[in-house]
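Okay, final.txt is below, compact mmCIF, C-alpha atoms:
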# COMPACT_ATOMS: atom_id res chain seq x y z
CA MET A 1 0.00 0.00 0.00
CA ILE A 2 1.18 3.51 -0.87
CA THR A 3 2.00 5.82 2.03
CA ILE A 4 1.86 9.59 2.48
CA LYS A 5 5.64 9.68 2.03
CA ASP A 6 5.31 7.84 -1.28
CA ILE A 7 2.76 10.41 -2.47
CA LEU A 8 4.96 13.32 -1.43
CA ASP A 9 7.94 11.80 -3.25
CA LYS A 10 5.88 11.12 -6.37
CA TYR A 11 4.22 14.50 -6.82
CA HIS A 12 6.58 17.04 -5.21
CA ASN A 13 7.93 18.09 -8.61
CA GLN A 14 4.47 18.59 -10.10
CA ILE A 15 2.94 21.06 -7.66
CA ASP A 16 4.10 23.18 -4.73
CA CYS A 17 4.92 21.13 -1.62
CA LEU A 18 2.62 23.15 0.63
CA ASP A 19 -0.23 22.78 -1.86
CA LEU A 20 0.43 19.04 -2.02
CA GLU A 21 0.33 18.70 1.77
CA ILE A 22 -2.96 20.62 1.92
CA LEU A 23 -4.51 18.45 -0.78
CA ILE A 24 -3.37 15.25 0.92
CA ALA A 25 -4.87 16.44 4.19
CA ASN A 26 -8.13 17.35 2.49
CA SER A 27 -8.36 13.97 0.78
CA LEU A 28 -7.79 12.21 4.09
CA GLY A 29 -10.12 14.46 6.06
CA LYS A 30 -7.17 15.27 8.34
CA THR A 31 -5.06 18.31 9.18
CA ARG A 32 -1.84 19.28 7.43
CA GLU A 33 -0.07 18.57 10.74
CA PHE A 34 -1.27 14.98 10.53
CA VAL A 35 0.28 14.67 7.06
CA LEU A 36 3.64 15.95 8.35
CA ILE A 37 3.66 13.80 11.49
CA HIS A 38 2.46 10.53 9.93
CA PRO A 39 4.35 9.96 6.66
CA GLU A 40 3.81 6.22 7.13
CA HIS A 41 0.01 6.53 6.97
CA LYS A 42 -1.60 4.57 4.13
CA PRO A 43 -4.57 6.26 2.40
CA THR A 44 -7.41 4.14 1.06
CA LYS A 45 -7.91 3.62 -2.66
CA SER A 46 -10.82 6.07 -2.72
CA GLN A 47 -8.72 8.69 -0.91
CA ILE A 48 -5.88 8.23 -3.40
CA SER A 49 -8.33 8.53 -6.30
CA LYS A 50 -9.74 11.77 -4.84
CA LEU A 51 -6.22 13.11 -4.26
CA GLU A 52 -5.06 12.33 -7.80
CA SER A 53 -8.06 14.24 -9.18
CA GLN A 54 -7.25 17.22 -6.97
CA ILE A 55 -3.56 17.17 -7.91
CA SER A 56 -4.55 17.18 -11.59
CA ARG A 57 -6.78 20.21 -11.02
CA ARG A 58 -4.00 22.04 -9.19
CA ALA A 59 -1.49 21.18 -11.91
CA GLN A 60 -3.82 22.92 -14.38
CA GLY A 61 -3.71 26.07 -12.27
CA GLU A 62 -6.91 25.89 -10.23
CA PRO A 63 -6.38 27.58 -6.84
CA VAL A 64 -6.08 25.22 -3.88
CA ALA A 65 -8.77 27.18 -2.06
CA TYR A 66 -11.30 26.39 -4.81
CA ILE A 67 -10.31 22.73 -4.84
CA VAL A 68 -10.76 22.25 -1.08
CA GLY A 69 -13.59 24.80 -0.91
CA HIS A 70 -12.27 27.03 1.86
CA LYS A 71 -9.49 29.41 2.90
CA GLU A 72 -8.20 30.68 6.24
CA PHE A 73 -8.22 34.42 6.83
CA TYR A 74 -7.48 36.27 10.07
CA GLY A 75 -7.69 33.01 12.00
CA LEU A 76 -11.14 32.14 10.66
CA ASP A 77 -12.22 29.65 8.01
CA PHE A 78 -14.09 30.92 4.93
CA GLU A 79 -15.94 28.99 2.28
CA VAL A 80 -14.94 30.13 -1.21
CA ASN A 81 -15.91 29.18 -4.74
CA LYS A 82 -15.77 30.53 -8.29
CA HIS A 83 -18.08 33.42 -7.34
CA THR A 84 -15.66 34.88 -4.78
CA LEU A 85 -12.03 35.92 -4.74
CA VAL A 86 -9.63 33.83 -2.68
CA PRO A 87 -8.88 35.90 0.47
CA ARG A 88 -5.28 37.16 0.49
CA PRO A 89 -3.07 37.50 3.58
CA GLU A 90 -2.24 41.13 2.73
CA THR A 91 -5.92 42.05 3.16
CA GLU A 92 -5.63 41.19 6.86
CA LEU A 93 -3.86 44.55 7.20
CA MET A 94 -7.15 46.29 6.43
CA VAL A 95 -8.91 44.38 9.21
CA GLU A 96 -6.23 45.46 11.70
CA GLN A 97 -6.53 49.11 10.68
CA VAL A 98 -10.31 49.10 10.96
CA LEU A 99 -10.15 47.51 14.38
CA SER A 100 -7.76 50.24 15.53
CA SER A 101 -10.21 52.88 14.32
CA VAL A 102 -13.14 51.19 16.05
CA ILE A 103 -11.27 51.16 19.37
CA ASN A 104 -10.73 54.91 19.15
CA HIS A 105 -14.38 55.73 18.45
CA HIS A 106 -16.97 56.09 21.18
CA ASP A 107 -20.00 57.23 19.21
CA LYS A 108 -22.25 55.18 16.97
CA ILE A 109 -20.48 53.61 13.99
CA ASN A 110 -21.74 52.04 10.79
CA VAL A 111 -19.11 49.70 9.34
CA ILE A 112 -19.86 49.04 5.67
CA ASP A 113 -17.95 46.51 3.58
CA VAL A 114 -18.38 47.30 -0.13
CA GLY A 115 -17.78 44.40 -2.52
CA THR A 116 -17.77 41.93 0.35
CA GLY A 117 -17.14 38.77 -1.69
CA SER A 118 -16.74 35.87 0.74
CA GLY A 119 -17.32 38.33 3.58
CA ASN A 120 -13.83 37.80 4.99
CA ILE A 121 -13.22 41.46 5.93
CA ILE A 122 -16.51 42.35 7.61
CA ILE A 123 -16.86 38.94 9.30
CA SER A 124 -13.35 39.19 10.76
CA ILE A 125 -14.14 42.66 12.12
CA ALA A 126 -17.53 41.63 13.52
CA ASN A 127 -16.01 38.52 15.08
CA LEU A 128 -13.64 40.64 17.19
CA ASP A 129 -16.05 43.49 17.92
CA SER A 130 -17.53 41.98 21.07
CA ARG A 131 -14.09 41.80 22.67
CA LEU A 132 -13.08 45.28 21.58
CA ARG A 133 -16.20 47.28 22.26
CA GLY A 134 -18.83 45.06 23.85
CA ASN A 135 -21.67 47.46 23.10
CA ASP A 136 -24.46 47.92 20.59
CA LYS A 137 -23.16 51.11 19.00
CA ILE A 138 -21.69 49.37 15.95
CA GLU A 139 -23.77 48.17 13.03
CA PHE A 140 -22.26 46.03 10.28
CA TYR A 141 -23.26 45.99 6.62
CA ALA A 142 -21.96 43.88 3.73
CA ILE A 143 -22.72 44.81 0.13
CA ASP A 144 -22.04 42.96 -3.10
CA ILE A 145 -23.35 43.20 -6.64
CA SER A 146 -23.18 39.41 -6.93
CA GLU A 147 -26.06 37.52 -5.31
CA ASP A 148 -23.98 34.33 -5.53
CA ALA A 149 -21.19 35.96 -3.54
CA LEU A 150 -23.68 37.22 -0.93
CA LYS A 151 -24.95 33.68 -0.41
CA ILE A 152 -21.42 32.55 0.40
CA ALA A 153 -20.83 35.56 2.66
CA LYS A 154 -24.04 34.90 4.61
CA GLN A 155 -23.06 31.28 5.09
CA ASN A 156 -19.57 32.27 6.24
CA ALA A 157 -21.02 34.74 8.72
CA LYS A 158 -23.26 32.05 10.19
CA GLN A 159 -20.42 29.51 10.39
CA ASN A 160 -18.20 32.04 12.16
CA GLY A 161 -20.84 33.00 14.70
CA VAL A 162 -21.73 36.50 13.47
CA GLY A 163 -24.68 35.75 11.19
CA GLY A 164 -27.00 37.87 13.31
CA LYS A 165 -24.67 40.86 13.51
CA ILE A 166 -24.28 41.68 9.81
CA LYS A 167 -26.91 43.01 7.39
CA PHE A 168 -26.27 41.77 3.85
CA LEU A 169 -27.38 44.03 1.01
CA HIS A 170 -27.44 43.39 -2.73
CA GLY A 171 -26.37 46.18 -5.05
CA SER A 172 -23.59 48.22 -6.61
CA LEU A 173 -21.15 50.00 -4.30
CA LEU A 174 -23.03 52.15 -1.73
CA GLU A 175 -26.36 52.19 -3.58
CA PRO A 176 -28.20 49.94 -1.08
CA ILE A 177 -27.04 52.17 1.79
CA LEU A 178 -27.94 55.37 -0.01
CA LYS A 179 -31.50 54.08 -0.42
CA LYS A 180 -31.75 53.73 3.37
CA CYS A 181 -32.55 57.38 4.03
CA SER A 182 -32.99 56.75 7.75
CA MET A 183 -29.31 55.84 8.03
CA LEU A 184 -28.12 59.03 6.39
CA HIS A 185 -30.36 61.15 8.61
CA ASP A 186 -29.03 59.54 11.77
CA PRO A 187 -25.63 61.26 12.16
CA CYS A 188 -22.83 58.95 13.23
CA SER A 189 -19.41 57.83 12.09
CA MET A 190 -19.17 55.72 8.97
CA ILE A 191 -16.30 53.35 8.23
CA ILE A 192 -16.20 51.99 4.69
CA THR A 193 -13.97 49.07 3.75
CA ALA A 194 -13.45 48.35 0.07
CA ASN A 195 -11.37 45.71 -1.64
CA LEU A 196 -12.88 46.48 -5.03
CA PRO A 197 -11.64 45.43 -8.47
CA TYR A 198 -8.45 47.45 -8.97
CA LEU A 199 -6.31 45.68 -11.55
CA SER A 200 -5.60 47.60 -14.74
CA LYS A 201 -5.80 45.74 -18.05
CA GLU A 202 -2.02 45.46 -18.20
CA VAL A 203 -1.72 44.08 -14.66
CA TYR A 204 -4.69 41.73 -15.12
CA ASP A 205 -3.26 40.34 -18.36
CA SER A 206 0.01 39.54 -16.56
CA THR A 207 -1.56 37.70 -13.60
CA PRO A 208 -0.80 33.99 -13.08
CA VAL A 209 -3.08 31.38 -14.61
CA ASP A 210 -4.63 30.49 -11.25
CA VAL A 211 -5.90 34.06 -11.01
CA LYS A 212 -6.78 34.87 -14.61
CA LYS A 213 -8.33 31.54 -15.54
CA PHE A 214 -10.22 30.73 -12.35
CA GLU A 215 -11.01 33.80 -10.21
CA PRO A 216 -13.91 36.06 -11.30
CA LYS A 217 -12.65 38.82 -13.60
CA THR A 218 -15.46 41.11 -12.45
CA ALA A 219 -13.89 41.09 -8.96
CA LEU A 220 -10.39 41.86 -10.27
CA TYR A 221 -10.36 44.13 -13.32
CA SER A 222 -11.42 47.78 -13.38
CA PRO A 223 -11.19 50.25 -16.29
CA GLU A 224 -9.48 53.64 -16.02
CA ALA A 225 -6.13 52.13 -15.08
CA GLY A 226 -7.82 50.02 -12.43
CA LEU A 227 -9.48 52.92 -10.60
CA GLN A 228 -12.98 53.21 -12.08
CA HIS A 229 -14.69 51.43 -9.17
CA TYR A 230 -12.90 53.58 -6.61
CA ARG A 231 -13.72 56.76 -8.52
CA LYS A 232 -17.42 55.88 -8.45
CA LEU A 233 -17.26 55.03 -4.75
CA LEU A 234 -15.52 58.31 -3.90
CA GLU A 235 -18.07 60.27 -5.93
CA GLN A 236 -20.90 58.58 -4.02
CA VAL A 237 -19.24 59.56 -0.75
CA LYS A 238 -18.81 63.15 -1.91
CA ASN A 239 -22.27 63.63 -3.38
CA GLN A 240 -24.49 61.61 -1.06
CA VAL A 241 -22.72 60.77 2.21
CA ILE A 242 -20.69 63.78 3.33
CA GLY A 243 -22.85 66.21 5.26
CA HIS A 244 -24.98 63.45 6.76
CA GLN A 245 -22.31 61.79 8.92
CA SER A 246 -20.10 63.17 11.67
CA SER A 247 -17.09 61.55 10.01
CA VAL A 248 -16.34 59.16 7.18
CA ILE A 249 -13.29 56.91 7.01
CA LEU A 250 -12.53 54.75 3.99
CA PHE A 251 -10.04 51.90 3.85
CA LEU A 252 -9.15 51.01 0.26
CA GLU A 253 -6.96 48.14 -0.90
CA PHE A 254 -5.02 48.89 -4.09
CA SER A 255 -2.14 47.73 -6.27
CA PRO A 256 1.26 49.18 -5.22
CA GLU A 257 1.90 50.97 -8.50
CA GLN A 258 -1.38 52.89 -8.10
CA LYS A 259 -0.31 54.88 -5.02
CA THR A 260 0.30 58.17 -6.84
CA SER A 261 -2.67 57.94 -9.19
CA LEU A 262 -5.02 56.92 -6.36
CA SER A 263 -3.84 59.83 -4.23
CA LYS A 264 -4.47 62.27 -7.10
CA LEU A 265 -7.93 60.79 -7.68
CA ILE A 266 -8.90 61.15 -4.02
CA LYS A 267 -7.66 64.74 -3.83
CA SER A 268 -9.56 65.68 -6.99
CA ILE A 269 -12.85 64.36 -5.58
CA LEU A 270 -12.37 64.92 -1.84
CA PRO A 271 -9.87 67.80 -1.51
CA GLN A 272 -10.57 68.15 2.23
CA ALA A 273 -9.72 64.51 2.98
CA GLU A 274 -6.74 63.33 5.01
CA ILE A 275 -4.91 60.55 3.16
CA SER A 276 -2.42 58.03 4.51
CA PHE A 277 -0.90 54.88 3.04
CA THR A 278 0.32 51.67 4.66
CA LYS A 279 2.63 48.97 3.34
CA ASP A 280 1.91 45.26 3.68
CA LEU A 281 4.30 42.73 5.21
CA ALA A 282 6.06 42.41 1.85
CA GLY A 283 6.91 46.11 1.99
CA LYS A 284 4.47 47.05 -0.80
CA TRP A 285 1.96 49.89 -0.61
CA ARG A 286 -1.37 48.19 -0.04
CA ILE A 287 -3.94 50.10 2.06
CA CYS A 288 -5.11 53.70 1.69
CA LYS A 289 -6.95 55.36 4.59
CA VAL A 290 -9.13 58.34 3.69
CA THR A 291 -10.55 60.42 6.54
CA ILE A 292 -13.18 63.11 6.13
CA HIS A 293 -14.34 65.16 9.13
CA THR A 294 -17.63 66.86 8.49
CA SER A 295 -20.56 68.46 10.26
CA PRO A 296 -23.87 66.69 9.55
CA SER A 297 -26.64 68.70 7.98
CA PRO A 298 -29.30 69.86 10.45
Kindly present the structure from the file in structure tokens form.
Amino acid sequence: MITIKDILDKYHNQIDCLDLEILIANSLGKTREFVLIHPEHKPTKSQISKLESQISRRAQGEPVAYIVGHKEFYGLDFEVNKHTLVPRPETELMVEQVLSSVINHHDKINVIDVGTGSGNIIISIANLDSRLRGNDKIEFYAIDISEDALKIAKQNAKQNGVGGKIKFLHGSLLEPILKKCSMLHDPCSMIITANLPYLSKEVYDSTPVDVKKFEPKTALYSPEAGLQHYRKLLEQVKNQVIGHQSSVILFLEFSPEQKTSLSKLIKSILPQAEISFTKDLAGKWRICKVTIHTSPSP
């Protein structure tokens, strides 16, 4: 009978070793630690057949997260499929920055995740909220234009114990919020998180096959050098949000080469805004924080 060690030796040149260990663990219904600790373990024929199918899919470029159906993010487990992006580690930086802002606020806050996808950002924030604030002054909203993505996000929220804390809304950018007139006439602080499509055509065309062939293009590519979605979001904030809230803070994930062009775009639409940028753990510019202090309309 073939052992785990035999499988590792056979396939280590075909796919990444970490990917291989994850696929073996998934086929066995075990953890990756089990795979590393028990190289002598002998999978059943059905487990080997399942594994070989998964290895073939990975060899063709399909992301491991889609093959196994889930991905870890900020210590939580998220279901993912072809309708959602695979959560990236660098996005965890946005969660940390939002949490820092929440700690420093003592008035009512609406936290709105635009383009929520699998819900990884808003769910991670809501999951930690009870320990950070422990009050009912924070309301959480998740918006996505894809109904299929919202279904996944709702399921992930339930599985991670925050299903009752987040309101899920279907629509484009802030449109579902802007239709809720009662929210805009109830002055408070608004925190907007957005990991919107931001890849330019040139960057999108150069992405690896596991991104370009398998992840949804509508969640990756944006016209206008990758900034069309952010321009529309900023215009919504300028034209329909400012003046109704005591303050608005946006956290935007972007591609490192867009730092200058994004800064110019923000200043052209929101000249009064305070702008700061943060690098990810790889030392690349990744998160833009936009702060607007305003006096709500009477």
**Item:** Nearest to Tyr221 in chain A, chosen from A:Ser255, A:Glu139, A:Pro89, A:Ile192, with all atoms listed in the file counted in the distances
**Value:**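 Of all the options, A:Ser255 lies closest to Tyr221 in chain A.
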Could you give me, as a short mmCIF file (atom, residue, chain, number, x, y, z; two decimals) with C-alpha atoms, keeping the file's coordinate frame, the residues within 8 Å of Ile269 in chain A, counting only C-alpha atoms and dropping anything in the same chain fewer than 2 positions from it?
data_model
loop_
_atom_site.label_atom_id
_atom_site.label_comp_id
_atom_site.auth_asym_id
_atom_site.auth_seq_id
_atom_site.Cartn_x
_atom_site.Cartn_y
_atom_site.Cartn_z
CA LEU A 234 -15.52 58.31 -3.90
CA GLU A 235 -18.07 60.27 -5.93
CA LYS A 238 -18.81 63.15 -1.91
CA LEU A 265 -7.93 60.79 -7.68
CA ILE A 266 -8.90 61.15 -4.02
CA LYS A 267 -7.66 64.74 -3.83
CA PRO A 271 -9.87 67.80 -1.51
#
Scan for residues within 12 Å of the point (-11.3, 51.0, 14.2) in the coordinates of the file, using all atoms listed in the file, and reply as a PDB file with C-alpha atoms, in the frame of the given file.
ATOM      1  CA  MET A  94      -7.150  46.290   6.430  1.00  0.00           C
ATOM      2  CA  VAL A  95      -8.910  44.380   9.210  1.00  0.00           C
ATOM      3  CA  GLU A  96      -6.230  45.460  11.700  1.00  0.00           C
ATOM      4  CA  GLN A  97      -6.530  49.110  10.680  1.00  0.00           C
ATOM      5  CA  VAL A  98     -10.310  49.100  10.960  1.00  0.00           C
ATOM      6  CA  LEU A  99     -10.150  47.510  14.380  1.00  0.00           C
ATOM      7  CA  SER A 100      -7.760  50.240  15.530  1.00  0.00           C
ATOM      8  CA  SER A 101     -10.210  52.880  14.320  1.00  0.00           C
ATOM      9  CA  VAL A 102     -13.140  51.190  16.050  1.00  0.00           C
ATOM     10  CA  ILE A 103     -11.270  51.160  19.370  1.00  0.00           C
ATOM     11  CA  ASN A 104     -10.730  54.910  19.150  1.00  0.00           C
ATOM     12  CA  HIS A 105     -14.380  55.730  18.450  1.00  0.00           C
ATOM     13  CA  HIS A 106     -16.970  56.090  21.180  1.00  0.00           C
ATOM     14  CA  ASP A 107     -20.000  57.230  19.210  1.00  0.00           C
ATOM     15  CA  ILE A 109     -20.480  53.610  13.990  1.00  0.00           C
ATOM     16  CA  ASN A 110     -21.740  52.040  10.790  1.00  0.00           C
ATOM     17  CA  VAL A 111     -19.110  49.700   9.340  1.00  0.00           C
ATOM     18  CA  ILE A 125     -14.140  42.660  12.120  1.00  0.00           C
ATOM     19  CA  ALA A 126     -17.530  41.630  13.520  1.00  0.00           C
ATOM     20  CA  LEU A 128     -13.640  40.640  17.190  1.00  0.00           C
ATOM     21  CA  ASP A 129     -16.050  43.490  17.920  1.00  0.00           C
ATOM     22  CA  LEU A 132     -13.080  45.280  21.580  1.00  0.00           C
ATOM     23  CA  ARG A 133     -16.200  47.280  22.260  1.00  0.00           C
ATOM     24  CA  ILE A 138     -21.690  49.370  15.950  1.00  0.00           C
ATOM     25  CA  SER A 189     -19.410  57.830  12.090  1.00  0.00           C
ATOM     26  CA  MET A 190     -19.170  55.720   8.970  1.00  0.00           C
ATOM     27  CA  ILE A 191     -16.300  53.350   8.230  1.00  0.00           C
ATOM     28  CA  ILE A 192     -16.200  51.990   4.690  1.00  0.00           C
ATOM     29  CA  THR A 193     -13.970  49.070   3.750  1.00  0.00           C
ATOM     30  CA  VAL A 248     -16.340  59.160   7.180  1.00  0.00           C
ATOM     31  CA  ILE A 249     -13.290  56.910   7.010  1.00  0.00           C
ATOM     32  CA  LEU A 250     -12.530  54.750   3.990  1.00  0.00           C
ATOM     33  CA  PHE A 251     -10.040  51.900   3.850  1.00  0.00           C
ATOM     34  CA  LYS A 289      -6.950  55.360   4.590  1.00  0.00           C
TER      35      LYS A 289
END
**Interatomic distance (Å, one decimal) between CA of Tyr141 in chain A and CA of Ala65 in chain A** =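 Taking CA of Tyr141 in chain A and CA of Ala65 in chain A, their separation equals 25.3 Å.
Of the listed residues A:Ser200, A:Glu215, A:Glu253, A:Asn26, the one whose atoms come nearest to Ile121 in chain A is A:Glu253, with distances taken using all atoms listed in the file.
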**Item:** Which residue of A:Val241, A:Leu199, A:Leu28, A:Val209 approaches Lys180 in chain A most closely, using only C-alpha atoms
**Value:**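 Ranked by minimum distance to Lys180 in chain A, first place goes to A:Val241.
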**Message:** Can you pull out the residues contacting Asn127 in chain A? Cut-off 9 Å, using all atoms listed in the file, and skip same-chain residues under 4 positions away; I want them as a PyMOL selection string.
**Reply:** chain A and resi 122-123+131+157+160-162
File of the preceding selection, C-alpha atoms, as a PDB file, keeping the file's coordinate frame:
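Now in again-v4.pdb:
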ATOM      1  CA  ILE A 122     -16.510  42.350   7.610  1.00  0.00           C
ATOM      2  CA  ILE A 123     -16.860  38.940   9.300  1.00  0.00           C
ATOM      3  CA  ARG A 131     -14.090  41.800  22.670  1.00  0.00           C
ATOM      4  CA  ALA A 157     -21.020  34.740   8.720  1.00  0.00           C
ATOM      5  CA  ASN A 160     -18.200  32.040  12.160  1.00  0.00           C
ATOM      6  CA  GLY A 161     -20.840  33.000  14.700  1.00  0.00           C
ATOM      7  CA  VAL A 162     -21.730  36.500  13.470  1.00  0.00           C
TER       8      VAL A 162
END
Sphere at (-3.8, 41.1, -10.9), radius 9 Å, counting all atoms listed in the file: residues as a short mmCIF file (atom, residue, chain, number, x, y, z; two decimals) with C-alpha atoms, in the frame of the given file:
data_model
loop_
_atom_site.label_atom_id
_atom_site.label_comp_id
_atom_site.auth_asym_id
_atom_site.auth_seq_id
_atom_site.Cartn_x
_atom_site.Cartn_y
_atom_site.Cartn_z
CA TYR A 198 -8.45 47.45 -8.97
CA LEU A 199 -6.31 45.68 -11.55
CA SER A 200 -5.60 47.60 -14.74
CA LYS A 201 -5.80 45.74 -18.05
CA GLU A 202 -2.02 45.46 -18.20
CA VAL A 203 -1.72 44.08 -14.66
CA TYR A 204 -4.69 41.73 -15.12
CA ASP A 205 -3.26 40.34 -18.36
CA SER A 206 0.01 39.54 -16.56
CA THR A 207 -1.56 37.70 -13.60
CA PRO A 208 -0.80 33.99 -13.08
CA VAL A 211 -5.90 34.06 -11.01
CA LYS A 212 -6.78 34.87 -14.61
CA LEU A 220 -10.39 41.86 -10.27
CA TYR A 221 -10.36 44.13 -13.32
CA SER A 255 -2.14 47.73 -6.27
#
**Prompt:** Could you pull the residues within 10 Å of Glu257 in chain A, counting all atoms listed in the file, minus those fewer than 2 positions along the same chain, as a list of chain:residue names?
**Reply:**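 That gives A:Val203, A:Phe254, A:Ser255, A:Lys259, A:Thr260, A:Ser261, A:Leu262, A:Lys284, A:Trp285, A:Arg286.
Residue nearest Ser268 in chain A within the list A:His38, A:Ser246, A:Gly119, A:Arg231: A:Arg231 [criterion: smallest interatomic distance, all atoms listed in the file].
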**Request:** Would you work out the distance separating CA of Ser247 in chain A from CA of His293 in chain A, expressed in Å to one decimal?
**Result:**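 It comes out at 4.6 Å.
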**Message:** Counting all atoms listed in the file, which residue out of A:Arg32, A:His244, A:His229, A:Lys154 sits closest to Leu174 in chain A?
**Reply:**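 So, comparing all the options, the nearest one is A:His229.
Reported to one decimal place, the separation of CA of Leu233 in chain A from CA of Glu147 in chain A is 19.6 Å.
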**Among the residues A:Lys165, A:His83, A:Arg58, A:Lys71, the one that comes closest to Asn120 in chain A [using all atoms listed in the file]** =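 Nearest to Asn120 in chain A: A:Lys71.
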Report as a PDB file with C-alpha atoms, in the frame of the given file all protein, DNA and RNA residues lying within 12 Å of Lys10 in chain A, evaluated on all atoms listed in the file, omitting residues in the same chain fewer than 5 positions from it.
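The new file part35.pdb reads:
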ATOM      1  CA  ILE A   2       1.180   3.510  -0.870  1.00  0.00           C
ATOM      2  CA  THR A   3       2.000   5.820   2.030  1.00  0.00           C
ATOM      3  CA  ILE A   4       1.860   9.590   2.480  1.00  0.00           C
ATOM      4  CA  LYS A   5       5.640   9.680   2.030  1.00  0.00           C
ATOM      5  CA  ILE A  15       2.940  21.060  -7.660  1.00  0.00           C
ATOM      6  CA  CYS A  17       4.920  21.130  -1.620  1.00  0.00           C
ATOM      7  CA  LEU A  20       0.430  19.040  -2.020  1.00  0.00           C
ATOM      8  CA  GLU A  52      -5.060  12.330  -7.800  1.00  0.00           C
ATOM      9  CA  ILE A  55      -3.560  17.170  -7.910  1.00  0.00           C
TER      10      ILE A  55
END
What are the closest atom pairs, with distances in Å to one decimal, for each residue of range 136-239 of chain A lying within 7 Å of range 72-82 of chain A, using all atoms listed in the file, rows by chain and rising residue number, as CSV?
residue,atom,partner,partner_atom,distance
A:Ile152,CA,A:Glu79,CA,6.8
A:Asn156,CA,A:Phe78,CA,5.8
A:Phe214,CA,A:Lys82,CA,6.9
A:Glu215,CA,A:Lys82,CA,6.1
A:Pro216,CA,A:Lys82,CA,6.6
**Request:** For Glu90 in chain A, work out the shell of residues within 9 Å, counting all atoms listed in the file and skipping chain neighbours fewer than 2 positions away, then give it as a list in words.
**Result:** Pro87, Arg88, Glu92, Leu93, Met94, Asp280, Leu281, Ala282 and Arg286 of chain A
